[in-house]
Each structure stands twice: as structure tokens, then as C-alpha cells.
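Asks: Data file upload10.txt (compact mmCIF, C-alpha atoms) is appended below.
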# COMPACT_ATOMS: atom_id res chain seq x y z
CA MET G 473 16.56 4.60 65.91
CA TRP G 474 18.56 5.34 62.75
CA ARG G 475 21.84 4.26 64.39
CA THR G 476 20.23 1.00 65.57
CA THR G 477 19.07 0.18 62.03
CA GLN G 478 22.49 0.96 60.57
CA ALA G 479 24.21 -1.31 63.10
CA ALA G 480 21.78 -4.15 62.34
CA THR G 481 22.51 -3.81 58.62
CA ARG G 482 26.27 -4.06 59.22
CA LEU G 483 25.82 -7.18 61.38
CA ALA G 484 23.69 -8.86 58.70
CA ARG G 485 26.32 -8.10 56.04
CA VAL G 486 29.10 -9.56 58.21
CA ALA G 487 27.05 -12.70 58.84
CA ARG G 488 26.43 -13.28 55.14
CA GLN G 489 30.13 -12.84 54.34
CA SER G 490 31.07 -15.34 57.06
CA ARG G 491 28.68 -17.97 55.68
CA PHE G 492 30.06 -17.45 52.15
CA ASN G 493 33.65 -17.84 53.31
CA SER G 494 32.86 -21.03 55.19
CA GLN G 495 31.10 -22.55 52.18
CA LYS G 496 34.00 -21.61 49.89
CA ALA G 497 36.50 -23.24 52.27
CA ASP G 498 34.52 -26.50 52.18
CA GLU G 499 34.56 -26.68 48.35
CA PRO G 500 37.22 -29.02 46.87
CA ASN G 501 40.04 -27.40 44.88
CA LEU G 502 39.22 -28.81 41.42
CA SER G 503 41.06 -28.36 38.18
CA PRO G 504 39.12 -26.94 35.25
CA LYS G 505 38.63 -30.42 33.81
CA GLU G 506 37.47 -31.85 37.14
CA GLY G 507 35.30 -28.84 37.76
CA GLU G 508 33.63 -29.32 34.38
CA GLN G 509 32.77 -32.88 35.36
CA HIS G 510 31.13 -31.57 38.54
CA GLY G 511 29.33 -28.83 36.64
CA ASN G 512 30.81 -25.90 38.55
CA VAL G 513 33.60 -24.64 36.27
CA HIS G 514 33.69 -21.00 35.20
CA PHE G 515 32.48 -20.52 31.60
CA ARG G 516 35.80 -18.87 30.61
CA LEU G 517 37.66 -22.08 31.49
CA THR G 518 35.53 -24.42 29.41
CA PRO G 519 35.52 -24.86 25.63
CA ASN G 520 31.73 -25.03 25.65
CA ALA G 521 29.76 -22.07 24.33
CA HIS G 522 28.39 -19.63 26.87
CA PRO G 523 24.69 -20.43 27.57
CA LEU G 524 23.80 -16.79 26.86
CA GLY G 525 25.96 -16.58 23.74
CA LYS G 526 24.42 -15.38 20.49
CA ALA G 527 23.61 -17.81 17.72
CA LYS G 528 25.21 -17.45 14.30
CA LYS G 529 23.60 -14.61 12.37
CA GLU G 530 21.85 -15.51 9.15
CA TRP G 531 20.98 -12.66 6.76
CA ASN G 532 17.79 -12.85 4.75
CA ASN G 533 17.05 -10.28 2.06
CA PRO G 534 13.91 -8.33 3.07
CA THR G 535 13.47 -6.88 -0.43
CA GLN G 536 12.78 -8.56 -3.78
CA ASN G 537 15.65 -8.36 -6.25
CA HIS G 538 15.82 -10.03 -9.63
CA VAL G 539 17.76 -13.30 -9.61
CA TRP G 540 19.18 -14.14 -12.99
CA GLU G 541 18.52 -17.75 -13.94
CA ALA G 542 21.37 -19.73 -15.48
CA GLU G 543 19.90 -19.69 -18.99
CA GLU G 544 19.10 -15.96 -19.17
CA LEU G 545 22.40 -15.13 -17.45
CA GLU G 546 24.40 -17.07 -20.01
CA GLN G 547 22.43 -15.48 -22.83
CA LYS G 548 23.01 -11.92 -21.57
CA LEU G 549 26.73 -12.47 -21.02
CA THR G 550 27.22 -14.12 -24.41
CA MET G 551 25.38 -11.38 -26.29
CA GLU G 552 27.22 -8.63 -24.42
CA ALA G 553 30.61 -10.22 -25.08
CA ALA G 554 29.82 -10.55 -28.78
CA LYS G 555 28.45 -7.02 -29.20
CA PRO G 556 28.68 -4.60 -26.25
CA VAL G 557 25.65 -2.34 -25.93
CA HIS G 558 26.34 1.37 -26.34
CA LYS G 559 23.80 4.16 -26.56
CA GLN G 560 24.92 6.58 -29.24
CA PRO G 561 24.72 10.21 -28.05
CA LYS G 562 21.96 12.12 -29.85
CA GLY G 563 22.30 15.76 -28.91
CA ILE G 564 24.94 18.06 -27.52
CA MET G 565 24.00 17.26 -23.92
CA ASP G 566 24.37 13.50 -24.49
CA ARG G 567 27.79 14.10 -26.00
CA ILE G 568 28.88 16.20 -23.02
CA VAL G 569 27.73 13.52 -20.57
CA TRP G 570 29.42 10.76 -22.58
CA TRP G 571 32.65 12.72 -22.77
CA ALA G 572 32.56 13.41 -19.01
CA VAL G 573 32.04 9.73 -18.15
CA ARG G 574 34.81 8.54 -20.47
CA THR G 575 37.20 11.18 -19.12
CA CYS G 576 36.53 10.04 -15.56
CA TYR G 577 36.90 6.39 -16.63
CA HIS G 578 40.34 6.83 -18.20
CA GLY G 579 41.46 9.19 -15.45
CA PHE G 580 40.45 6.65 -12.81
CA ASN G 581 42.35 3.93 -14.66
CA PHE G 582 45.48 6.07 -14.68
CA ILE G 583 45.27 7.03 -11.00
CA THR G 584 44.66 3.47 -9.76
CA GLY G 585 47.19 1.89 -12.09
CA TYR G 586 44.53 -0.35 -13.64
CA ASN G 587 45.90 -2.42 -16.51
CA LYS G 588 42.97 -3.85 -18.45
CA ALA G 589 45.15 -6.50 -20.15
CA ASP G 590 46.29 -8.09 -16.86
CA PRO G 591 45.17 -6.08 -13.82
CA THR G 592 46.30 -6.78 -10.28
CA THR G 593 43.70 -7.89 -7.76
CA LYS G 594 44.53 -4.85 -5.63
CA SER G 595 43.64 -2.44 -8.43
CA ILE G 596 40.40 -4.32 -9.08
CA VAL G 597 39.36 -4.23 -5.42
CA TYR G 598 39.92 -0.49 -5.24
CA ARG G 599 37.99 -0.05 -8.47
CA LEU G 600 35.01 -2.16 -7.38
CA LEU G 601 34.64 -0.49 -3.99
CA ILE G 602 34.76 3.02 -5.44
CA LEU G 603 32.51 2.14 -8.39
CA GLU G 604 29.74 0.59 -6.29
CA SER G 605 29.82 3.33 -3.65
CA ILE G 606 29.22 5.87 -6.44
CA ALA G 607 26.66 3.79 -8.34
CA GLY G 608 24.41 3.59 -5.29
CA CYS G 609 23.87 7.38 -5.17
CA PRO G 610 21.89 8.36 -8.31
CA GLY G 611 18.97 5.98 -7.74
CA MET G 612 18.38 7.22 -4.20
CA VAL G 613 18.67 10.87 -5.23
CA ALA G 614 16.22 10.42 -8.11
CA ALA G 615 13.76 8.42 -5.98
CA GLY G 616 13.88 11.08 -3.27
CA VAL G 617 13.18 13.93 -5.70
CA ARG G 618 10.26 12.09 -7.29
CA HIS G 619 8.93 11.04 -3.89
CA PHE G 620 8.75 14.61 -2.57
CA ARG G 621 7.31 15.86 -5.87
CA SER G 622 4.58 13.24 -5.63
CA LEU G 623 3.77 14.45 -2.13
CA ARG G 624 3.72 18.11 -3.16
CA ARG G 625 1.50 17.54 -6.17
CA MET G 626 -0.60 14.88 -4.39
CA LYS G 627 -0.35 12.65 -7.45
CA ARG G 628 0.98 9.19 -8.20
CA ASP G 629 4.51 8.84 -9.53
CA GLY G 630 3.83 6.33 -12.26
CA GLY G 631 6.00 3.58 -10.79
CA TRP G 632 9.40 5.25 -11.19
CA ILE G 633 10.19 5.38 -7.47
CA HIS G 634 10.06 1.60 -7.08
CA THR G 635 12.59 0.99 -9.86
CA LEU G 636 14.90 3.74 -8.66
CA LEU G 637 14.89 2.48 -5.07
CA GLU G 638 15.51 -1.07 -6.26
CA GLU G 639 18.50 0.18 -8.26
CA ALA G 640 19.96 2.02 -5.26
CA GLU G 641 19.46 -0.99 -3.00
CA ASN G 642 20.94 -3.35 -5.57
CA GLU G 643 24.07 -1.23 -5.94
CA ARG G 644 24.39 -1.00 -2.16
CA MET G 645 24.20 -4.79 -1.95
CA HIS G 646 27.01 -5.04 -4.50
CA LEU G 647 29.13 -2.90 -2.19
CA LEU G 648 28.20 -4.95 0.90
CA VAL G 649 29.16 -8.15 -0.91
CA PHE G 650 32.60 -6.76 -1.71
CA MET G 651 32.94 -5.42 1.84
CA ASN G 652 32.43 -8.97 3.09
CA MET G 653 35.32 -10.12 0.92
CA PHE G 654 37.78 -7.23 0.93
CA THR G 655 38.77 -4.67 3.55
CA PRO G 656 39.01 -1.05 2.34
CA GLY G 657 41.81 1.13 3.68
CA MET G 658 41.51 4.60 5.14
CA ILE G 659 42.33 6.22 1.79
CA THR G 660 39.54 4.30 0.07
CA ARG G 661 37.05 5.25 2.78
CA GLY G 662 38.10 8.89 2.55
CA VAL G 663 37.64 8.91 -1.22
CA VAL G 664 34.19 7.33 -0.87
CA ILE G 665 33.07 9.95 1.67
CA ALA G 666 34.36 12.85 -0.40
CA MET G 667 32.88 11.49 -3.64
CA GLN G 668 29.50 10.89 -2.02
CA TYR G 669 29.16 14.44 -0.71
CA LEU G 670 30.25 15.92 -4.04
CA LEU G 671 28.25 13.61 -6.29
CA VAL G 672 24.99 13.79 -4.32
CA ALA G 673 25.06 17.60 -4.38
CA ILE G 674 25.68 17.68 -8.14
CA LEU G 675 23.11 14.99 -8.97
CA LEU G 676 20.44 16.61 -6.82
CA SER G 677 20.97 20.02 -8.42
CA ILE G 678 20.74 18.59 -11.93
CA TYR G 679 17.84 16.18 -11.30
CA VAL G 680 15.59 18.94 -10.00
CA VAL G 681 16.12 20.92 -13.23
CA ARG G 682 16.59 18.24 -15.90
CA PRO G 683 16.29 14.58 -14.79
CA GLN G 684 17.11 13.17 -18.23
CA ILE G 685 20.73 14.27 -17.86
CA VAL G 686 21.17 12.24 -14.69
CA HIS G 687 19.59 9.13 -16.20
CA ARG G 688 21.82 9.44 -19.27
CA PHE G 689 24.83 9.85 -17.01
CA VAL G 690 23.91 6.70 -15.08
CA GLY G 691 23.34 4.83 -18.33
CA TYR G 692 26.84 5.67 -19.55
CA LEU G 693 28.30 5.01 -16.10
CA GLU G 694 26.74 1.55 -16.15
CA GLU G 695 28.23 0.94 -19.58
CA THR G 696 31.67 1.36 -18.03
CA ALA G 697 30.63 -0.87 -15.13
CA VAL G 698 29.59 -3.62 -17.53
CA THR G 699 32.95 -3.28 -19.29
CA THR G 700 34.73 -3.62 -15.95
CA TYR G 701 32.85 -6.74 -14.85
CA LEU G 702 33.17 -8.45 -18.21
CA SER G 703 36.91 -7.78 -18.03
CA VAL G 704 37.05 -9.30 -14.54
CA LEU G 705 35.18 -12.36 -15.78
CA LYS G 706 37.62 -12.74 -18.65
CA GLN G 707 40.55 -12.56 -16.23
CA LEU G 708 38.94 -15.10 -13.89
CA GLU G 709 38.58 -17.56 -16.75
CA ASP G 710 42.16 -17.03 -18.01
CA PRO G 711 44.49 -19.47 -16.17
CA ASN G 712 47.51 -17.29 -16.97
CA SER G 713 46.17 -14.11 -15.39
CA GLN G 714 46.95 -12.78 -11.91
CA VAL G 715 43.24 -12.64 -11.12
CA HIS G 716 42.70 -16.31 -11.91
CA LYS G 717 45.64 -17.39 -9.77
CA GLU G 718 44.38 -15.47 -6.71
CA TRP G 719 40.58 -15.52 -7.08
CA SER G 720 39.58 -18.57 -9.15
CA GLU G 721 38.80 -20.64 -6.01
CA LEU G 722 37.55 -17.74 -3.92
CA PRO G 723 34.21 -18.77 -2.36
CA ALA G 724 31.16 -16.54 -2.60
CA PRO G 725 30.27 -14.84 0.71
CA GLU G 726 27.11 -15.92 2.50
CA ILE G 727 25.38 -12.59 1.85
CA ALA G 728 25.83 -13.05 -1.91
CA ILE G 729 24.57 -16.64 -1.79
CA THR G 730 21.43 -15.50 0.02
CA TYR G 731 20.83 -12.39 -2.09
CA TRP G 732 21.08 -14.11 -5.47
CA ARG G 733 20.01 -17.52 -4.15
CA LEU G 734 23.22 -19.17 -5.35
CA ASP G 735 24.41 -22.70 -4.60
CA LYS G 736 26.16 -23.15 -1.27
CA ASP G 737 29.43 -23.99 -3.06
CA ALA G 738 29.25 -20.94 -5.36
CA LYS G 739 32.48 -19.15 -6.24
CA PHE G 740 33.36 -15.50 -6.69
CA ILE G 741 33.00 -15.84 -10.46
CA ASP G 742 29.31 -16.73 -9.97
CA VAL G 743 28.85 -13.51 -7.98
CA VAL G 744 30.54 -11.42 -10.68
CA LYS G 745 28.22 -12.87 -13.32
CA GLN G 746 25.14 -11.85 -11.32
CA ILE G 747 26.52 -8.35 -10.73
CA ALA G 748 27.40 -7.92 -14.40
CA ALA G 749 23.82 -8.81 -15.35
CA ASP G 750 22.51 -6.35 -12.74
CA GLU G 751 24.61 -3.57 -14.25
CA MET G 752 23.37 -4.37 -17.76
CA HIS G 753 19.83 -4.03 -16.48
CA HIS G 754 20.52 -0.67 -14.78
CA ARG G 755 22.20 0.57 -17.96
CA ASP G 756 19.20 -0.28 -20.11
CA VAL G 757 16.65 1.10 -17.63
CA ASN G 758 18.41 4.45 -17.22
CA HIS G 759 18.89 4.95 -20.95
CA GLU G 760 15.19 4.18 -21.30
CA PHE G 761 14.28 6.70 -18.58
CA ALA G 762 16.45 9.33 -20.27
CA ASP G 763 14.38 8.94 -23.46
CA MET G 764 11.04 9.15 -21.64
CA GLN G 765 8.94 12.04 -20.41
CA GLN G 766 8.87 12.37 -16.62
CA THR G 767 5.09 11.89 -16.64
CA ASP G 768 5.23 8.59 -18.57
CA PHE G 769 4.33 5.37 -16.82
CA ASN G 770 7.30 3.18 -15.85
CA PRO G 771 7.24 0.06 -18.08
CA ASN G 772 9.46 -1.88 -15.65
CA VAL G 773 6.93 -2.13 -12.81
CA HIS G 774 5.72 -5.58 -13.88
CA SER G 775 9.23 -6.99 -13.31
CA HIS G 776 9.10 -5.99 -9.62
CA ILE G 777 5.82 -7.88 -9.21
CA SER G 778 7.32 -10.96 -10.87
CA ASP G 779 10.42 -10.79 -8.66
CA ALA G 780 8.25 -10.44 -5.55
CA ASP G 781 6.23 -13.54 -6.52
CA LYS G 782 9.41 -15.57 -7.08
CA ALA G 783 10.85 -14.40 -3.76
CA ALA G 784 7.65 -15.38 -1.93
CA THR G 785 7.68 -18.82 -3.55
CA THR G 786 11.32 -19.31 -2.58
CA ARG G 787 10.66 -18.36 1.04
CA ILE G 788 7.68 -20.75 1.26
CA SER G 789 9.77 -23.57 -0.20
CA ARG G 790 12.68 -22.83 2.16
CA ASP G 791 10.45 -22.62 5.23
CA SER G 792 8.68 -25.89 4.37
CA LYS G 793 12.04 -27.65 4.19
CA THR G 794 13.15 -26.12 7.50
CA TYR G 795 9.96 -26.39 9.55
CA GLY G 796 7.95 -28.99 7.65
CA PRO G 797 4.54 -28.66 5.97
CA THR G 798 2.16 -26.08 7.44
CA ASP G 799 -1.07 -28.06 6.87
Show this structure as C-alpha cells.

Replies:
Amino acid sequence: MWRTTQAATRLARVARQSRFNSQKADEPNLSPKEGEQHGNVHFRLTPNAHPLGKAKKEWNNPTQNHVWEAEELEQKLTMEAAKPVHKQPKGIMDRIVWWAVRTCYHGFNFITGYNKADPTTKSIVYRLLILESIAGCPGMVAAGVRHFRSLRRMKRDGGWIHTLLEEAENERMHLLVFMNMFTPGMITRGVVIAMQYLLVAILLSIYVVRPQIVHRFVGYLEETAVTTYLSVLKQLEDPNSQVHKEWSELPAPEIAITYWRLDKDAKFIDVVKQIAADEMHHRDVNHEFADMQQTDFNPNVHSHISDADKAATTRISRDSKTYGPTD
């Protein structure tokens, strides 16, 4: 019985193959162009998109970040250029942190060959990638510590976690924007990995014992970041600089246009202005946190609510233009 069934299966397979061969022999030998006209050309031979191909990806920010309006952005940049903000160290610990940040700043300049008067675009790229990969660590570490402490004590956090997570996400978005514009080499990636492991371990150890030190460190770190971005802006606006010659017409990446809701024809200089304002905000917030008690209520919570309302309004407006009115 089993042998009879196996033989029948082989005969059916041979019959199907014979019918296929006969049909293939009857088909005309068409060129790709002729075949396309008849609708039976292979998809690899036609310029048309594959019917199962993926549509172009469009990124939409799922979180609510602050978007600096043109007027407040210009005001912040003008005031900072006229008189840079610097938090004077008060005690011995502030002085140690300030000294450590400035030592790292000048050491990093020396290692990367960064010339503040007329830097090369290569040195700036390396600087931005390293800076943003480091700046995204403290906020997440601090938010994590406060999150677990809130769970252990079964008490509210006072709104700090939201601001700290927003800071970490904002810094990560800065890095993603630059990653969409510049490609880091293996050395840069290696430095980022090593710095992240080292920095997270140090920050975590300190934040558990004395959080104010970490917030002061971030405040001073952001002061150097503001200095860097204002310097880049100055170079972009100087027609005689190397940066202006290579980057003045550089378009803003799509992810930056969506994140800060910029114009479709926005340039790289518009992105740098938004990032500089972000860093000024992080600087001020962390210096403020360093002066507060850990049980104080976060005075910046209202800004997150305002940003969320603006983001919701923007999405409703965008969807109504795309899909029409909902009523």
C-alpha cells in the first residue's frame, strides 16, 4: 500500500512538471520592455517599485520637547553672546568640580586639535559626537536613582524624574541628529563606549551619596557645551571660516526638522541654534537642582505640561491638514 502511494505521488509530480514545461514553451520570448507592456516582466527587470516594497519612513517624536520660538531663541542667543552665564563656585566641592570640568575641556581640545579661532569641520564633528554621547548619561542615571528611591520609599518624587528623563532624551536626540549628518569612525565609537562605561559608574556612585555634586558637574559641563555651540554659530556666520565654506548650505536632516518643528528648508545653522538653547536650559536647570534640597518640589514641571499642550496642538493641526477636518 505504501509503495503504491509513493508511486502515485511521483507520477503526479512528473505530470505537473510536464504541464509547466509545455506552458513555458508556448510563452513568447519577450524583452524586458515588451514583457512590461504585457504585464509579465520580473520585478528586478523593471524600474517600477516592488509592490511589497516599504514606504518611506517618517519619524514622529513620541515625546514632548520644548521648541524654541524664533523670538525667544534670538533673545537667549543675544543675551548669552553679550554676557555668558557662569555659576561661580561657592564651596570647595564646587571648585573641585569646576576645575575637573575645565581640565577635561582643555585636555579634550588639545587631543582633538580643536582650534577655537578657526576649527576644522573634522575636529568639530568629533567634538559634537563625543560631547552629546557623554551629556546623555547623567540625566538617565539621576532619573534611575530617584525612580528606584521613590519605589523603595513608596513616595512621590516631586517631579524631578520627568525633567531628568527629558534632559537625557533631549541629549540623545542631539546625538541622533548628528549621526544622521556625520558618520563616526571606529575610534570615535570606541571612545564613546569606554567613556560611557566609566562615566556611568562614577556618576552612579556619586549620585547615590551626594546628588548635588552630579548636578553641579552637569551644570558646568553644559557651560562648556554652550561655549562650543556659540563658537560653531560664530564660525557658520563668518564667511572667511572653514566651517562656513563647508557647512553654510548644509540642510537640516529630517529628524531635526520634525523634532524642533523647523521649516522644510531649514539649514544646519538653524539646528545648532536650537541645540544651543537646549544646552542653556540644561545648564540652568542643573545648577538650580544643585542648589536645592532633594526633597524640594521641581519648579520646572509646569514647562513639561506647556510643551505637551503645544505638541498636541501641533499634531492636531498637522493631522487636519493631512486627513481633513474630523467633524

Asks: Pick the closest to G:Tyr701 from G:Val597, G:Ala728, G:Leu722, G:Cys609: which is it, counting only C-alpha atoms?

Replies: G:Val597

Asks: One number please: atom CA of G:Glu695 to atom CA of G:Glu751, in Å, one decimal.

Replies: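 Separation between atom CA of G:Glu695 and atom CA of G:Glu751: 7.9 Å.
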
Asks: Tell me, as a PyMOL selection string, which residues lie within 10 Å of G:Val557, counting only C-alpha atoms; anything in the same chain fewer than 6 positions away does not count.

Replies: chain G and resi 551+695+698-699+752+755-756

Asks: Which of these residues is nearest to G:Ala542, using all atoms listed in the file: G:Ser595, G:Gln707, G:Gln668, G:Gln746?

Replies: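 Checking each of G:Ser595, G:Gln707, G:Gln668, G:Gln746 against G:Ala542, counting all atoms listed in the file, the winner is G:Gln746.
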
Asks: Between stretch 607-712 of chain G and stretch 559-564 of chain G, at 10 Å or less, what are the per-residue closest atom pairs and their distances in Å? Count all atoms listed in the file, order by chain and rising residue number, and return it as CSV.

Replies:
residue,atom,partner,partner_atom,distance
G:Arg688,CA,G:Lys559,CA,9.2
G:Gly691,CA,G:Lys559,CA,8.3
G:Tyr692,CA,G:Lys559,CA,7.8
G:Glu695,CA,G:Lys559,CA,8.9

Asks: In Å, with one decimal, what is the gap from atom CA of G:Asn587 to atom CA of G:Phe689?

Replies: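 About the pair atom CA of G:Asn587 and atom CA of G:Phe689: they are 24.4 Å apart.
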